[in-house]
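Engineer: I have a structure here, written as structure tokens, and I will follow up with some questions on it.
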Amino acid sequence: MSAAVVDIKTQSPSDAREWPEITPLRNHYESLPYPLDALPSITREAVTEVQGHVQAPTAMVAGCAVSSMSIAIQGFADVARDRHLTGPVSLFQLTMGDSGERKTTCQNAFGGGIEAYERQAAQDMAEEVKQYRSDIEIHNAKCQGVTASIKKNTTDGKPTGDLENQHRQLINTKPIEPKVPRLLLTDATPEALTHTLVKSWPCGAIVSDEGGAVFGGHGMSKDSVMRYLAALNTLWGGKTQATSRRTSESYGAINARLTFHTQIQGAALNDFIKRSGGLARGSGFFARFLICAPESTQGERKYKEPPTDTPALDKFNNRIHEILSAGNPLNELGELEPSMMQLSPEAKAEWVTFHDTVEHKLRAGGEFADLRDTASKVADNATRLAAIFAYFETRTPATPVSLEHMRSGVAVATWHLYESQRFFAELAITNEQSDAANLNDWLVSYCNKNALQQLTKRNIQQLGPSPTRNVDRRDRALELLSNGGRVTLVKQGSADVVIVNPALLAGGAL
């Protein structure tokens with residue numbers, strides 16, 4: 001190590017130097033406890049049981065449970081806030097979590113009921129699918145035979161009227177492909193996603209414990225990201241986009257329901273945001289999401305033997321399977337026709353109060369003035385959550401959403417609104433501020449680990465975070481740290497030395 005790096009124990013006390021007050025590098029918002037008590041009792045007990053063993057952040061575990069509830073219920077019910085404000089209950093969720101946060105374990109725990117339903121539905125319809133495949137082959141063969149006869153008669157100058165009538169009759173009696181429930185979808189182009197919801201099954205979910213595969217997939221490529229975001233925005237509202245194609249069947253907008261839940265590492269999300277060039281937020285895409293970035297539990301998880309049984313989780317997954325097994329309400333054309341849930345008068349009054357309170361905070365200088373896109377949709381998400389909670393407990397859309405369920409929906413939606421505030425505050429910093437924050441964190445960690453208080457600029461360029469390998473970026477970051485009272489820059493002989501404020505090394509500032 002360079003001789004200019006001095007052991008803090010041998011230094012003359014830098015504490016004697018007059019250090020200015022340390023100013024924050026980031027807009028800092030405290031993470032609030034997740035409102036676990038707001039969840040339906042079956043869900044709350046399952047989340048508590050899973051979290052107790054997996055030891056992942058409570059919000060991450062709860063998000064997986066709520067996602068499964070949305071997937072199960074979205075096809076059965078819409079919800080009305082008033083005579084005109086009606087819409088689906090489907091939820092979009094985005095959860096930040098680093099590698100090793102046990103995202104996959106959480107997702108798998110609450111997906112059991114959905115997967116069991118899909119397996120059972122495939123088994124129950126296996127013979128019907130086989131019959132259709134046989135019928136369609138026979139039908140196509142007949143069509144080809146009649147078409148060949150029409151061509152031959154036309155060539156020979158013979159009449160084709162009877163053959164044409166046969167062909168029309170065949171077209172009108174084409175076998176209808178049975179719709180086999182397929183809820184869990186994979187990444188696809190926007191066209192493929194829409195086609196699946198229109199032609200295969202009108203309810204689906206994009207669920208991923210590795211969101212980088214979704215946001216970095218083909219559908220989110222530079223050429224298609226705008227179309228994909230537009231398609232997802234439309235699906236959040238409960239429709240599919242009309243499409244017109246030359247090479248395949250065209251269709252107009254119809255009812256469809258999509259739940260979107262992805263857990264993603266911060267680096268992958270930041271890469272997507274950069275590639276989208278601001279479209280993700282500018283298009284209102286992120287505004288539709290229940291976002292959370294829970295504090296990591298890594299470093300605090302002691303080994304636990306796996307449980308011999310999971311009665312609470314089993315009860316939750318059985319309820320999900322029971323709801324789905326009732327069969328989504330489809331009309332004779334195979335189109336979705338969900339029932340409309342109403343709000344009780346008390347729930348409506350609670351919703352109006354919440355809506356108006358948030359709206360007041362959108363004014364200039366208000367608490368959510370910088371979060372208007374997300375805050376403007378939080379009342380909608382609160383109603384969706386309330387309806388999901390009500391349906392999950394009553395298993396019928398006929399019972400109005402109660403005051404208790406609305407309060408629960410408001411509590412969860414409000415928590416996510418504050419999480420969005422934390423998330424977007426981090427995104428709002430400039431590249432220079434980001435470099436300074438990363439360098440600050442590295443300096444504190446490195447100096448504490450090695451019992452140091454100072455390093456040379458050269459040491460930082462050689463050992464520090466990658467942006468500081470660039471001299472200009474390193475110096476701009478150090479200037480911001482110096483202006484914020486975090487470091488002092490001095491000359492020691494020919495060396496440029498960076499001295500770290502001892503308050504930082506004592507854990508005294510963010």
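Ligands are numbered from 1 in the order shown, residues from 1 within each chain, and chains are lettered A, B, ... in the order they appear in the structure tokens.
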As a list in words, please: the residues near Thr297 in chain A (cut-off 9 Å, only C-alpha atoms, same-chain neighbours under 3 positions excluded).

Structural biologist: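 Residues near the query, excluding close chain neighbours: Gln55, Ala56, Pro57, Glu101, Pro294, Glu300 and Arg301 of chain A.
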
Engineer: Please, which residues in range 14-91 of chain A fall within 12 Å of range 333-348 of chain A when counting only C-alpha atoms, and what is the closest atom pair and distance in Å to one decimal for each, ordered by chain then residue number, as a tab-separated table?

Structural biologist:
residue	atom	partner	partner_atom	distance
A:Ile73	CA	A:Pro338	CA	9.7
A:Gln74	CA	A:Pro338	CA	8.3
A:Gly75	CA	A:Pro338	CA	5.9
A:Phe76	CA	A:Pro338	CA	4.7
A:Ala77	CA	A:Ser339	CA	4.7
A:Asp78	CA	A:Met340	CA	4.8
A:Val79	CA	A:Met341	CA	4.5
A:Ala80	CA	A:Gln342	CA	5.4
A:Arg81	CA	A:Leu343	CA	6.7
A:Asp82	CA	A:Gln342	CA	8.2
A:Arg83	CA	A:Gln342	CA	9.7
A:Leu85	CA	A:Gln342	CA	11.0
A:Thr86	CA	A:Met340	CA	8.3
A:Gly87	CA	A:Met340	CA	8.7
A:Pro88	CA	A:Pro338	CA	8.9
A:Val89	CA	A:Met341	CA	9.8

Engineer: With N, CA, C and O atoms kept, could you save the residues just selected as a compact mmCIF listing (two decimals), in the first residue's frame?

Structural biologist:
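Dumped to result-v9.txt:
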# COMPACT_ATOMS: atom_id res chain seq x y z
N ILE A 73 -58.13 -13.83 -8.44
CA ILE A 73 -59.41 -13.12 -8.35
C ILE A 73 -59.69 -12.24 -9.55
O ILE A 73 -60.85 -11.96 -9.86
N GLN A 74 -58.67 -11.83 -10.29
CA GLN A 74 -58.84 -10.81 -11.33
C GLN A 74 -59.88 -11.17 -12.40
O GLN A 74 -60.52 -10.28 -12.97
N GLY A 75 -60.07 -12.44 -12.68
CA GLY A 75 -61.02 -12.84 -13.71
C GLY A 75 -62.45 -12.92 -13.24
O GLY A 75 -63.37 -13.01 -14.06
N PHE A 76 -62.66 -12.88 -11.93
CA PHE A 76 -64.01 -13.05 -11.39
C PHE A 76 -64.71 -11.73 -11.09
O PHE A 76 -65.94 -11.67 -11.09
N ALA A 77 -63.94 -10.70 -10.80
CA ALA A 77 -64.58 -9.47 -10.33
C ALA A 77 -63.88 -8.22 -10.83
O ALA A 77 -62.65 -8.17 -10.91
N ASP A 78 -64.67 -7.22 -11.18
CA ASP A 78 -64.22 -5.84 -11.32
C ASP A 78 -64.74 -5.09 -10.09
O ASP A 78 -65.48 -5.65 -9.28
N VAL A 79 -64.39 -3.83 -9.97
CA VAL A 79 -64.86 -3.06 -8.81
C VAL A 79 -65.28 -1.67 -9.27
O VAL A 79 -64.65 -1.08 -10.16
N ALA A 80 -66.36 -1.15 -8.69
CA ALA A 80 -66.89 0.17 -9.03
C ALA A 80 -66.66 1.13 -7.88
O ALA A 80 -67.07 0.85 -6.75
N ARG A 81 -66.00 2.25 -8.19
CA ARG A 81 -65.87 3.30 -7.18
C ARG A 81 -67.07 4.22 -7.21
O ARG A 81 -67.46 4.80 -6.20
N ASP A 82 -67.65 4.40 -8.38
CA ASP A 82 -68.95 5.05 -8.53
C ASP A 82 -69.56 4.55 -9.84
O ASP A 82 -69.09 3.56 -10.41
N ARG A 83 -70.58 5.24 -10.34
CA ARG A 83 -71.26 4.72 -11.55
C ARG A 83 -70.36 4.70 -12.77
O ARG A 83 -70.56 3.90 -13.68
N LEU A 85 -66.62 5.27 -12.56
CA LEU A 85 -65.26 4.81 -12.27
C LEU A 85 -65.29 3.34 -11.91
O LEU A 85 -65.46 2.95 -10.76
N THR A 86 -65.15 2.51 -12.93
CA THR A 86 -65.12 1.06 -12.74
C THR A 86 -63.87 0.50 -13.41
O THR A 86 -63.31 1.11 -14.32
N GLY A 87 -63.45 -0.65 -12.94
CA GLY A 87 -62.26 -1.24 -13.55
C GLY A 87 -61.86 -2.54 -12.89
O GLY A 87 -62.51 -3.01 -11.95
N PRO A 88 -60.79 -3.13 -13.38
CA PRO A 88 -60.33 -4.43 -12.88
C PRO A 88 -59.70 -4.32 -11.50
O PRO A 88 -59.45 -3.22 -10.99
N VAL A 89 -59.43 -5.48 -10.92
CA VAL A 89 -58.75 -5.53 -9.63
C VAL A 89 -57.29 -5.98 -9.79
O VAL A 89 -56.56 -6.09 -8.79

Engineer: Measure the distance from CA of Ser420 in chain A to CA of Leu290 in chain A in Å and round it to one decimal.

Structural biologist: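 Spanning CA of Ser420 in chain A to CA of Leu290 in chain A is a straight-line distance of 7.7 Å.
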
Engineer: Go through range 63-141 of chain A and flag each residue having an atom no more than 10 Å from range 191-208 of chain A; for those, report the closest pair of atoms plus their distance in Å to one decimal, using only C-alpha atoms, ordered by chain and rising number, as JSON lines.

Structural biologist:
{"residue": "A:Cys64", "atom": "CA", "partner": "A:Val207", "partner_atom": "CA", "distance": 9.3}
{"residue": "A:Ser67", "atom": "CA", "partner": "A:Val207", "partner_atom": "CA", "distance": 8.5}
{"residue": "A:Ser68", "atom": "CA", "partner": "A:Ala205", "partner_atom": "CA", "distance": 9.3}
{"residue": "A:Ser70", "atom": "CA", "partner": "A:Ala205", "partner_atom": "CA", "distance": 9.1}
{"residue": "A:Ile71", "atom": "CA", "partner": "A:Ala205", "partner_atom": "CA", "distance": 6.5}
{"residue": "A:Ala72", "atom": "CA", "partner": "A:Cys203", "partner_atom": "CA", "distance": 9.1}
{"residue": "A:Ile73", "atom": "CA", "partner": "A:Cys203", "partner_atom": "CA", "distance": 9.8}
{"residue": "A:Gln74", "atom": "CA", "partner": "A:Cys203", "partner_atom": "CA", "distance": 7.4}
{"residue": "A:Gly75", "atom": "CA", "partner": "A:Cys203", "partner_atom": "CA", "distance": 6.1}
{"residue": "A:Phe76", "atom": "CA", "partner": "A:Cys203", "partner_atom": "CA", "distance": 9.8}
{"residue": "A:Ser90", "atom": "CA", "partner": "A:Ala205", "partner_atom": "CA", "distance": 9.4}
{"residue": "A:Leu91", "atom": "CA", "partner": "A:Ala205", "partner_atom": "CA", "distance": 9.7}
{"residue": "A:Phe92", "atom": "CA", "partner": "A:Ile206", "partner_atom": "CA", "distance": 9.4}
{"residue": "A:Gln93", "atom": "CA", "partner": "A:Val207", "partner_atom": "CA", "distance": 9.5}
{"residue": "A:Lys103", "atom": "CA", "partner": "A:Ser208", "partner_atom": "CA", "distance": 9.2}
{"residue": "A:Thr104", "atom": "CA", "partner": "A:Ser208", "partner_atom": "CA", "distance": 8.4}
{"residue": "A:Gln107", "atom": "CA", "partner": "A:Ser208", "partner_atom": "CA", "distance": 8.1}
{"residue": "A:Gly111", "atom": "CA", "partner": "A:Val207", "partner_atom": "CA", "distance": 9.8}
